[in-house]
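Visitor: Below is a structure I'd like to ask you about.
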Amino acid sequence: GAWPGLGVGDVVAVTGDLDADRRSGVAARVELWHAVQGPITAIDRSSDPLASIVNDEMVIQVLGQWVVLDNLTVYDAEIIPGSSAGLAVGDFVSVSGYPGKVSWLKYFPELGFSVSGSYDAWQARRIAKQTPSGALIVAGVAAGVDPVARLFTVGELLVDYSSAAGVDRVADQARLWVRGSRLGPDGALIAGEIVAPASPIDGLPLNAWVDVEG
C-alpha cells in the first residue's frame, strides 16, 4: 500500500530478507532520511552573468546546503509547474538525494580564457513542498566542532547543539543528521536531535551476503 510521506525519487535504506532468486524479498525496515528540509534561501549560486553551471543544472540553497536540480529530480505534485520554475525563495521544502558536487565555469572575455571549479552539493532525486511549521533538518559532515561553545557547521549552516540530544555523536568529519525547530538570532540551527545514521550492514558477520544498489 501507499506510505504517507514516501514518493517516487525518495532515497531510502531498506533492510530485510531476500527471496531465493535474490530479485525480491520482504522489507523488515525502511528508513527515509531527508538530506535537508527548510526554506529556500537562494536560487542559483551565482548572479554573475559570466559564470555558469555546467550541464544546465539549477542550483538552490536550503539551510546553507546547495542542492542540484536536474532531469533526474522528481517534483512533488504541489510544485506547479513540476520543475524548478515552480520554486521560489521562501518556499519550505524537503529534499531527498545523494551527496555530490556541482561543476562551474567562468569565462573572462578580456583575458580570453576560462576558469572552472566545483563545490559540494546534494543531488536531489525528489523535492517536495512542506508546511512552514515543519521540522528543520540538515544532513552532512560536521566541521569546525567547538565543544566549548557547542557549535559546528554543516555546509554553510552553523549548528548550535548546546541543548540537543545525541551530542556524544558530534565530532569533526562525522556524518550527522540534525533536526531542530528554529533558527537562533545568529542564523544558527538550534538542534534538538542529532543522529549518526548507521549503515544497514553494520554488525553483519564476516562473509555475509549483501546487495548494495543506488
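Labels for the C-alpha cells follow display order: chains A, B, ..., residues from 1 in each chain, ligands from 1.
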Which polymer residues have any atom within 9 Å of an atom of Gly64 in chain A, counting only C-alpha atoms, with same-chain residues fewer than 3 positions away left out, as a count of residues only?
Guide: 8
Visitor: Enumerate the residues of range 19-151 of chain A with a DSSP assignment of strand (DSSP E), computed from the backbone, and present them as number ranges by chain.
Guide: A: 25-32, 36-43, 51-53, 58-62, 65-69, 74-75, 92-108, 113-129, 136-146, 151
Visitor: Identify which of the residues A:Val36, A:Val148, A:Ala196, A:Ala142 lies closest to Ala171 in chain A, counting only C-alpha atoms when measuring atom-to-atom distances.
Guide: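 Comparing A:Val36, A:Val148, A:Ala196, A:Ala142 against Ala171 in chain A, the winner is A:Ala142.
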Visitor: Using only C-alpha atoms, find each residue in range 135-194 of chain A having at least one atom no more than 12 Å away from range 94-118 of chain A; report its shortest atom-to-atom pair and that distance in Å (one decimal), rows by chain then rising number, as a Markdown table.
Guide:
| residue | atom | partner | partner_atom | distance |
| --- | --- | --- | --- | --- |
| A:Ala135 | CA | A:Ser94 | CA | 9.8 |
| A:Leu136 | CA | A:Ser94 | CA | 9.2 |
| A:Ile137 | CA | A:Ser94 | CA | 8.4 |
| A:Val138 | CA | A:Val95 | CA | 9.7 |
| A:Ala139 | CA | A:Pro99 | CA | 9.6 |
| A:Gly140 | CA | A:Pro99 | CA | 8.3 |
| A:Val141 | CA | A:Pro99 | CA | 10.3 |
| A:Gly155 | CA | A:Pro99 | CA | 11.4 |
| A:Arg175 | CA | A:Pro99 | CA | 11.3 |
Visitor: Could you tell me how far CA of Ile40 in chain A lies from CA of Asp91 in chain A, in Å and to one decimal?
Guide: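 Separation of CA of Ile40 in chain A and CA of Asp91 in chain A: 5.5 Å.
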Visitor: Would you please work out which residue, of A:Val159, A:Val8, A:Leu151, A:Val62, is nearest to Ala77 in chain A when using only C-alpha atoms?
Guide: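 Of A:Val159, A:Val8, A:Leu151, A:Val62, the one nearest Ala77 in chain A is A:Val8, counting only C-alpha atoms.
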Visitor: Do a neighbour search on Pro147 in chain A at 10 Å with only C-alpha atoms, toss out local chain neighbours closer than 6 positions, and write the hits as a list in words.
Guide: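 Result of the neighbour search: Tyr161, Ser162, Val167, Val170 and Ala171 of chain A.
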Visitor: Next, the residues of the selection above should be written as a PDB file, in the first residue's frame with N, CA, C and O atoms.
Guide:
ATOM      1  N   TYR A 161      24.420  23.020  19.173  1.00  0.00           N
ATOM      2  CA  TYR A 161      23.961  21.763  19.757  1.00  0.00           C
ATOM      3  C   TYR A 161      23.997  21.770  21.284  1.00  0.00           C
ATOM      4  O   TYR A 161      24.057  20.731  21.935  1.00  0.00           O
ATOM      5  N   SER A 162      23.909  22.976  21.873  1.00  0.00           N
ATOM      6  CA  SER A 162      24.001  23.113  23.325  1.00  0.00           C
ATOM      7  C   SER A 162      22.847  22.470  24.071  1.00  0.00           C
ATOM      8  O   SER A 162      22.979  22.131  25.256  1.00  0.00           O
ATOM      9  N   VAL A 167      24.495  14.403  21.629  1.00  0.00           N
ATOM     10  CA  VAL A 167      25.700  15.202  21.447  1.00  0.00           C
ATOM     11  C   VAL A 167      26.973  14.353  21.464  1.00  0.00           C
ATOM     12  O   VAL A 167      28.030  14.788  21.000  1.00  0.00           O
ATOM     13  N   VAL A 170      28.737  13.961  18.092  1.00  0.00           N
ATOM     14  CA  VAL A 170      29.316  15.113  17.400  1.00  0.00           C
ATOM     15  C   VAL A 170      30.842  15.032  17.416  1.00  0.00           C
ATOM     16  O   VAL A 170      31.464  14.935  18.475  1.00  0.00           O
ATOM     17  N   ALA A 171      31.435  15.065  16.227  1.00  0.00           N
ATOM     18  CA  ALA A 171      32.894  15.069  16.079  1.00  0.00           C
ATOM     19  C   ALA A 171      33.213  15.580  14.688  1.00  0.00           C
ATOM     20  O   ALA A 171      32.393  15.475  13.766  1.00  0.00           O
TER      21      ALA A 171
END
Visitor: Quick one: pull the distance between CA of Asp172 in chain A and CA of Ile190 in chain A, Å, one decimal.
Guide: 18.3 Å
Visitor: Check the DSSP output for the backbone and give back, as a short mmCIF file (atom, residue, chain, number, x, y, z; two decimals) with N, CA, C and O atoms, in the first residue's frame, the residues of chain A in helix (DSSP H, G or I).
Guide:
data_model
loop_
_atom_site.label_atom_id
_atom_site.label_comp_id
_atom_site.auth_asym_id
_atom_site.auth_seq_id
_atom_site.Cartn_x
_atom_site.Cartn_y
_atom_site.Cartn_z
N VAL A 54 27.70 23.99 -15.14
CA VAL A 54 27.86 23.03 -16.22
C VAL A 54 26.67 22.07 -16.24
O VAL A 54 26.10 21.74 -15.22
N ASN A 55 26.28 21.64 -17.45
CA ASN A 55 25.20 20.67 -17.67
C ASN A 55 23.81 21.26 -17.43
O ASN A 55 22.84 20.51 -17.24
N ASP A 56 23.68 22.60 -17.43
CA ASP A 56 22.37 23.24 -17.31
C ASP A 56 21.61 22.81 -16.06
O ASP A 56 20.40 22.64 -16.08
N SER A 84 11.84 23.37 -11.73
CA SER A 84 12.43 24.39 -10.88
C SER A 84 11.69 25.72 -10.99
O SER A 84 11.77 26.56 -10.09
N ALA A 85 10.95 25.90 -12.08
CA ALA A 85 10.18 27.14 -12.26
C ALA A 85 9.06 27.26 -11.23
O ALA A 85 8.54 28.35 -10.99
N GLY A 86 8.70 26.13 -10.60
CA GLY A 86 7.66 26.15 -9.59
C GLY A 86 8.18 26.44 -8.19
O GLY A 86 7.40 26.35 -7.23
N VAL A 167 24.50 14.40 21.63
CA VAL A 167 25.70 15.20 21.45
C VAL A 167 26.97 14.35 21.46
O VAL A 167 28.03 14.79 21.00
N ASP A 168 26.90 13.14 21.99
CA ASP A 168 28.07 12.27 22.02
C ASP A 168 28.49 11.84 20.62
O ASP A 168 29.61 11.35 20.43
N ARG A 169 27.63 12.04 19.65
CA ARG A 169 27.93 11.66 18.27
C ARG A 169 28.67 12.77 17.51
O ARG A 169 29.13 12.56 16.40
#
Visitor: What is the distance, in Å and to one decimal place, between CA of Val145 in chain A and CA of Pro197 in chain A?
Guide: 18.5 Å
Visitor: Which polymer residues have any atom within 6 Å of an atom of Gly9 in chain A, counting only C-alpha atoms, with same-chain residues fewer than 4 positions away left out, as a list in words?
Guide: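 What passes the distance filter is Val74, Arg125 and Arg126 of chain A.
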Visitor: Those same residues - C-alpha atoms - I'd like them written as a PDB file, in the first residue's frame.
Guide:
ATOM      1  CA  VAL A  74      11.175  14.275  -9.240  1.00  0.00           C
ATOM      2  CA  ARG A 125      16.151  12.962  -6.516  1.00  0.00           C
ATOM      3  CA  ARG A 126      12.895  14.243  -5.011  1.00  0.00           C
TER       4      ARG A 126
END
Visitor: Could you tell me which of A:Ala174, A:Ala27, A:Ile127, A:Ala164 comes closest to Asp70 in chain A if we count only C-alpha atoms?
Guide: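 The closest residue to Asp70 in chain A is A:Ile127.
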